[in-house]
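Read through the structure below, which is laid out as structure tokens, and then see the notes.
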Amino acid sequence: MTANVFWRNSRIAVIGAGSWGTILANLVAKNCREVQLWTRTEEQALAINSQRLNQRYLPEYRIDDRVHASSNFESVLGRDTACVIWALPSEACREQARSISGLLRGDEIVLHATKGIERVSLKRISQVLAEELPCRRIGVISGPNLAHEVARGDPSATVVASHFDEVVEAGQILLTSERFRAYSSNDVTGVEWAGSLKNILAIASGALDSLNLGWNAKAMLITRGLVEMVRLGLSMGAKESTFIGLAGLGDLLATCGSSYSRNYRVGLRLGKGEKLEAILPTLGGVAEGVHTTATVRQFAKERKISMPITEGVLQLLNGAVSVPEVIQSLMSRPLKSESFEA
Amino acid sequence: MLSKSGKMSSHPAVRFQQIPVVEGKLSSFDKIRGTIVDDVVSETMRELTGADFDLVLGQALYSERFRLKHFKGNIYTRSRSKKDRALWNRVQAGLLRPSAEVDREQLLSGVVRHFGEEIAGHFDPRVYRFASHAVPWGVSWLLNAASVRRFLPWGMTESLASRLHILGEVTALQRLAERGTILLVPTHQSNIDSILIGYVIYLLSLPPFAYGAGINLYSNPILNFFMSHLGAYTVDRQKSNEIYKTALKNYSTRLLREGVHSIFFPGGGRSRSGAVESKLKLGLLGTGLQAQIQGYLSGAKFPNVYVVPMVMSYHFVLEAGSLIEDYLADAGKHRYIMMDDESWQPVKVLRFFWKLFSAQTAITVRIGKPLDIFGNFVDEEGRSIGPNGRTVDPRLWLSTKGELRSDPQRDREYTRELGNRLVDRFHRENTVLTSHVVAFAFFEGLRRRYPDLDVFRFLRLSISQRSLPYDEFTQAAAQLRERLVMSETRGELHLSPELKTPDTEKWIRDGIGQLGCLHGAGVIRESDGVVWTEDMNLLYYYRNRLSGYGLSLLAESEGPNRMPGENDSKRFLA
């Protein structure tokens with residue numbers, strides 16, 4: 001059986017019906033037999049099944065008839081599920097994975113779309129899933145994919161990364177459509193770290209935009225921020241080239257200019273003087289960058305990896321300083337070489 | 001002779017006749033040898049189907065010509081190379097004629113068969129029975145001649161088993177050997193290893209194992225005889241062409257599928273640096289996976305292959321000097337002329353055993369927790385236990401799009417993960433001895449005085465710079481032991497019984513004494529309240545047994561306990 005035929009006849013489970021989970025379910029629905037979408041509450045599932053809409057996250061986005069929502073894991077992960085697409089916030093990953101691990105057989109392909117890392121342990125999501133699930137064939141989906149733009153049908157691209165070719169192949173076949181392209185990679189570490197680290201810079205970028213500065217400042221932030229990402233990524237065993245790809249620079253460019261990004265909005269509102277505690281409950285979702293910043297900065301400090309922008313973002317999140325003060329301190333650092341090896 | 005804890009108790013007397021010689025699958029090997037070689041040829045040809053035969057043969061011809069040009073053999077290996085030359089002359093002549101006249105497939109198949117015949121060993125049960133009795137006999141004779149027998153009461157003699165502590169998962173190994181095929185993967189420090197492993201297998205009443213022996217071991221007439229008749233198959237690391245490598249893997253797969261327990265040294269050769277292996281050769285390791293897949297597909301009764309790590313700990317290593325020089329020359333990329341491996345001369349080997357038996361020293365062998373072909377633990381029934389503690393069915397991990405079959409890319413990745421897992425297990429199953437701890441403590445104590453030096457400059461310190469006050473050394477050693485005790489409770493390594501005592505003076509004396517057994521006072525010497533070394537390289541070698549555990553107070557850390565992001569700019573990591 002060719003791969004295309006196999007996947008066209010397959011049953012796919014999507015775990016998590018946030019905006020990105022819903023869109024992934026819809027994208028995949030065009031390339032498979034049926035999609036089971038797990039929602040947190042039964043009301044949400046009923047609403048999706050009857051109205052074909054995800055009122056809370058994507059009120060104007062029609063959900064494919066082949067998507068069936070349910071809040072019951074047993075029915076979502078039915079017998080012949082061939083692939084599990086994981087779209088939960090990073091904090092929920094380990095616990096949820098543990099609770100469903102008994103429902104999986106072990107030959108399912110698992111693709112996750114979570115851009116974050118586990119707090120304290122610094123484990124990537126694919127590592128967390130490998131520890132908790134009986135499955136070994138795991139991959140990641142990451143790229144410049146602002147949910148609302150993909151929902152609108154704007155042309156977009158993403159990266160599917162795994163050490164297993166068959167996982168990448170499955171991801172590419174399932175996700176591809178006329179308006180959506182999936183590129184392959186085997187640098188799982190790089191793609192996962194790039195996706196997590198760019199959230200820190202999205203916060204920085206929002207903060208910068210609160211001052212209404214021009215393109216020079218933004219370009220400086222993005223390029224020097226990218227250097228920090230590469231530094232940390234290399235120390236984790238990532239490939240440098242991944243960071244100038246879709247999951248790195250691509251995602252950075254998209255999130256650093258878009259008010260759709262929750263992380264960006266956190267930065268923007270902090271810059272305008274709001275308190276973090278007041279911002280977080282009103283975002284309509286999790287801003288992964290907030291926790292990532294603290295975890296990464298702690299690690300970078302221990303390993304003596306120079307990450308001044310991350311340091312600045314952390315101070316901003318702690319409410320210790322204002323945006324102009326952070327900029328002032330970054331600009332007055334000793335002069336450096338451009339190299340990321342510094 | 002095995003206590004309940006699976007620990008080997010020492011023998012009060014030599015009683016080898018009590019251990020039955022188990023013959024197992026290898027006994028009938030010579031009857032099926034021909035079939036096995038045929039299978040290897042057909043399987044290898046199948047894998048090469050679709051390849052450009054002219055290109056494959058051309059590449060092999062080129063690399064073989066190069067190898068033969070630099071080949072230096074003795075009378076035992078020369079006959080092999082003579083046959084090789086004749087073969088390649090034929091191939092060259094064939095390739096020069098048009099393919100209409102000389103069938104390329106036939107030519108290639110001839111080459112594969114040549115390699116297959118070279119690789120395949122023999123097994124003679126009579127030789128095995130003889131060796132099983134002669135080796136212990138010879139060893140016990142040596143032991144009793146060397147040891148201080150006259151101080152023992154009448155009738156008490158010592159055996160090698162009393163100097164060999166076999167710890168760990170002995171029972172699990174014995175049980176799994178009846179439920180599947182064992183792939184024993186030992187760490188490798190010394191040529192002595194092969195003898196010891198053979199002896200351990202015999203002591204544990206396991207049937208004989210097949211193993212790949214480097215072709216250089218065939219250059220010794222006595223070894224040549226035994227290896228040729230005891231199920232060893234020939235591995236020639238100099239042959240780097242694809243045809244040979246494929247044939248070798250297929251041979252190993254075929255043996256495992258036949259249910260013949262096998263031994264690989266996954267580190268490739270002996271550890272040059274003295275460290276526990278952290279980089280493995282995956283080629284042969286992957287044959288376990290293939291054998292299991294083929295076992296499933298053919299409906300075999302016991303398709304499972306179990307990977308059992310084994311870690312040997314020596315207080316002193318016969319070849320330490322030449323190994324570490326070799327390592328440094330390679331790591332430092334200096335111009336270097338390889339020393340003769342003089343340590344394998346019979347006199348030296350004899351001397352090693354003499355030292356071993358005349359001193360109060362022992363070799364520790366730990367049988368590690370058995371793994372499946374993916375690196376999962378297996379329980380006593382041979383079931384795979386996934387990382388989350390649930391049993392997993394290997395069949396499902398080997399199924400792609402609903403079909404159980406081999407998939408080269410997927411299987412390479414599984415084998416890579418198995419390799420990583422093995423490196424971790426090797427470190428965790430390692431038994432740390434007093435000699436390793438004193439060497440590490442002294443080396444690191446010295447290093448803290450010269451934190452800016454990289455390893456190559458550090459090893460060239462002048463003799464007057466290589467000393468520490470005895471008190472400073474013992475203090476550092478005591479602190480190191482504290483950290484090792486912590487590591488042991490975290491399951492990162494094992495400590496030998498001597499290290500369980502907090503009596504610092506006592507175990508330090510033991511460690512220095514053990515190193516002195518073979519090396520005299522060269523490695524660590526203590527006099528007038530000062531500790532110093534004559535041989536920095538040897539000190540480094542023994543210190544490296546604790547490399548990779550993140551124990552150094554200066555940055556040096558990799559291996560399984562490596563914190564993410566740590567690096568090794570001074571290159572001390574072995």
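Labels used: A, B, ... for chains in the order of the structure tokens, numbers from 1 for residues in each chain, and numbers from 1 for ligands as shown.
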
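Look at Leu57 of chain B: the protein and nucleic acid residues within 9 Å of it, using only C-alpha atoms and passing over chain neighbours fewer than 3 places away, are Asp52, Phe53, Asp54, Ala60, Leu61, Tyr62, Val91, Gln92, Leu95, Arg104, Leu107, Leu108, Val111 and Ile243 of chain B.
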
query = Near Leu316 of chain A, counting only C-alpha atoms, which residues have an atom at most 12 Å away, once you skip same-chain residues fewer than 2 positions from it, shown as a ChimeraX atom specification?
reply = /A:200,203-204,206-208,266-276,290,293-294,309-314,318-327

Can you spit out the residues from that selection as an mmCIF file, in the first residue's frame, using N, CA and C atoms?
```cif
data_model
loop_
_atom_site.group_PDB
_atom_site.id
_atom_site.type_symbol
_atom_site.label_atom_id
_atom_site.label_comp_id
_atom_site.auth_asym_id
_atom_site.auth_seq_id
_atom_site.Cartn_x
_atom_site.Cartn_y
_atom_site.Cartn_z
ATOM 1 N N ILE A 200 10.051 34.137 23.381
ATOM 2 C CA ILE A 200 10.691 35.161 24.214
ATOM 3 C C ILE A 200 10.837 36.443 23.408
ATOM 4 N N ILE A 203 7.686 38.458 22.842
ATOM 5 C CA ILE A 203 7.377 39.366 23.948
ATOM 6 C C ILE A 203 8.207 40.641 23.807
ATOM 7 N N ALA A 204 9.516 40.445 23.538
ATOM 8 C CA ALA A 204 10.411 41.598 23.377
ATOM 9 C C ALA A 204 9.920 42.499 22.257
ATOM 10 N N GLY A 206 6.841 42.850 21.050
ATOM 11 C CA GLY A 206 5.646 43.599 21.438
ATOM 12 C C GLY A 206 6.019 44.794 22.308
ATOM 13 N N ALA A 207 6.963 44.534 23.225
ATOM 14 C CA ALA A 207 7.391 45.612 24.119
ATOM 15 C C ALA A 207 8.014 46.751 23.323
ATOM 16 N N LEU A 208 8.830 46.374 22.338
ATOM 17 C CA LEU A 208 9.481 47.384 21.505
ATOM 18 C C LEU A 208 8.432 48.205 20.756
ATOM 19 N N VAL A 266 1.440 40.185 25.079
ATOM 20 C CA VAL A 266 1.942 40.328 26.446
ATOM 21 C C VAL A 266 2.981 41.449 26.490
ATOM 22 N N GLY A 267 3.933 41.421 25.545
ATOM 23 C CA GLY A 267 4.981 42.432 25.502
ATOM 24 C C GLY A 267 4.422 43.829 25.287
ATOM 25 N N LEU A 268 3.497 43.904 24.338
ATOM 26 C CA LEU A 268 2.912 45.198 23.987
ATOM 27 C C LEU A 268 2.219 45.831 25.197
ATOM 28 N N ARG A 269 1.437 45.019 25.900
ATOM 29 C CA ARG A 269 0.673 45.565 27.022
ATOM 30 C C ARG A 269 1.557 45.848 28.231
ATOM 31 N N LEU A 270 2.613 45.044 28.396
ATOM 32 C CA LEU A 270 3.578 45.360 29.457
ATOM 33 C C LEU A 270 4.210 46.714 29.179
ATOM 34 N N GLY A 271 4.528 46.933 27.910
ATOM 35 C CA GLY A 271 5.155 48.195 27.506
ATOM 36 C C GLY A 271 4.240 49.372 27.761
ATOM 37 N N LYS A 272 2.958 49.133 27.668
ATOM 38 C CA LYS A 272 2.013 50.230 27.902
ATOM 39 C C LYS A 272 1.687 50.403 29.377
ATOM 40 N N GLY A 273 2.391 49.635 30.223
ATOM 41 C CA GLY A 273 2.272 49.868 31.659
ATOM 42 C C GLY A 273 1.353 48.925 32.410
ATOM 43 N N GLU A 274 0.738 47.954 31.716
ATOM 44 C CA GLU A 274 -0.110 47.010 32.437
ATOM 45 C C GLU A 274 0.743 46.022 33.232
ATOM 46 N N LYS A 275 0.143 45.411 34.232
ATOM 47 C CA LYS A 275 0.847 44.418 35.035
ATOM 48 C C LYS A 275 0.615 43.020 34.441
ATOM 49 N N LEU A 276 1.621 42.173 34.555
ATOM 50 C CA LEU A 276 1.542 40.817 33.988
ATOM 51 C C LEU A 276 0.320 40.054 34.502
ATOM 52 N N VAL A 290 6.145 33.298 28.485
ATOM 53 C CA VAL A 290 6.328 33.803 29.839
ATOM 54 C C VAL A 290 7.157 32.828 30.681
ATOM 55 N N THR A 293 10.806 32.107 29.175
ATOM 56 C CA THR A 293 11.817 33.109 29.472
ATOM 57 C C THR A 293 12.543 32.801 30.782
ATOM 58 N N ALA A 294 11.781 32.514 31.815
ATOM 59 C CA ALA A 294 12.399 32.268 33.118
ATOM 60 C C ALA A 294 13.266 31.012 33.087
ATOM 61 N N ILE A 309 19.105 39.782 25.669
ATOM 62 C CA ILE A 309 17.717 40.175 25.378
ATOM 63 C C ILE A 309 16.756 39.363 26.261
ATOM 64 N N THR A 310 17.041 38.071 26.390
ATOM 65 C CA THR A 310 16.225 37.218 27.255
ATOM 66 C C THR A 310 16.235 37.742 28.685
ATOM 67 N N GLU A 311 17.432 38.140 29.124
ATOM 68 C CA GLU A 311 17.576 38.717 30.458
ATOM 69 C C GLU A 311 16.672 39.948 30.610
ATOM 70 N N GLY A 312 16.698 40.799 29.582
ATOM 71 C CA GLY A 312 15.867 42.009 29.605
ATOM 72 C C GLY A 312 14.387 41.680 29.649
ATOM 73 N N VAL A 313 13.977 40.673 28.867
ATOM 74 C CA VAL A 313 12.561 40.292 28.837
ATOM 75 C C VAL A 313 12.137 39.789 30.215
ATOM 76 N N LEU A 314 13.021 39.042 30.852
ATOM 77 C CA LEU A 314 12.665 38.510 32.168
ATOM 78 C C LEU A 314 12.441 39.645 33.163
ATOM 79 N N ASN A 318 9.060 40.557 35.189
ATOM 80 C CA ASN A 318 9.031 40.667 36.641
ATOM 81 C C ASN A 318 8.535 42.034 37.098
ATOM 82 N N GLY A 319 8.397 42.953 36.138
ATOM 83 C CA GLY A 319 7.909 44.279 36.475
ATOM 84 C C GLY A 319 8.952 45.143 37.136
ATOM 85 N N ALA A 320 10.225 44.732 37.030
ATOM 86 C CA ALA A 320 11.284 45.462 37.718
ATOM 87 C C ALA A 320 11.702 46.711 36.962
ATOM 88 N N VAL A 321 11.548 46.680 35.644
ATOM 89 C CA VAL A 321 12.044 47.807 34.841
ATOM 90 C C VAL A 321 11.035 48.164 33.755
ATOM 91 N N SER A 322 11.234 49.326 33.138
ATOM 92 C CA SER A 322 10.379 49.732 32.026
ATOM 93 C C SER A 322 11.085 49.413 30.714
ATOM 94 N N VAL A 323 10.339 49.459 29.623
ATOM 95 C CA VAL A 323 10.926 49.129 28.322
ATOM 96 C C VAL A 323 12.092 50.069 27.979
ATOM 97 N N PRO A 324 11.955 51.387 28.134
ATOM 98 C CA PRO A 324 13.105 52.258 27.812
ATOM 99 C C PRO A 324 14.343 51.918 28.642
ATOM 100 N N GLU A 325 14.123 51.489 29.877
ATOM 101 C CA GLU A 325 15.277 51.131 30.714
ATOM 102 C C GLU A 325 15.983 49.887 30.181
ATOM 103 N N VAL A 326 15.197 48.903 29.740
ATOM 104 C CA VAL A 326 15.804 47.692 29.174
ATOM 105 C C VAL A 326 16.604 48.053 27.935
ATOM 106 N N ILE A 327 16.002 48.893 27.069
ATOM 107 C CA ILE A 327 16.693 49.278 25.840
ATOM 108 C C ILE A 327 17.987 50.014 26.182
#
```

Review point. Taking only C-alpha atoms into account, which residues of chain B are within 10 Å of chain A, as a ChimeraX atom specification?
Key: /B:374,385-403,407,409-414,563-567

Find the residues around segment 151-162 of chain A up to 6 Å (only C-alpha atoms counted), leave out those fewer than 4 positions away in its own chain, and share them as number ranges by chain. A: 139-143, 168, 179-186, 188

- Message: Would you pick out the contacts of Val311 of chain B at 7 Å or less, using only C-alpha atoms, so that residues sharing its chain but fewer than 3 positions from it are not included, and give the list as an MDAnalysis selection string?
- Response: chainID B and resid 186:187 365:367 426 429:430

Give me every strand (DSSP E or B) residue in segment 49-156 of chain A, going by DSSP on the backbone, as a PyMOL selection string. chain A and resi 54+58+67-70+81-86+109-112+117+124+138-142+156
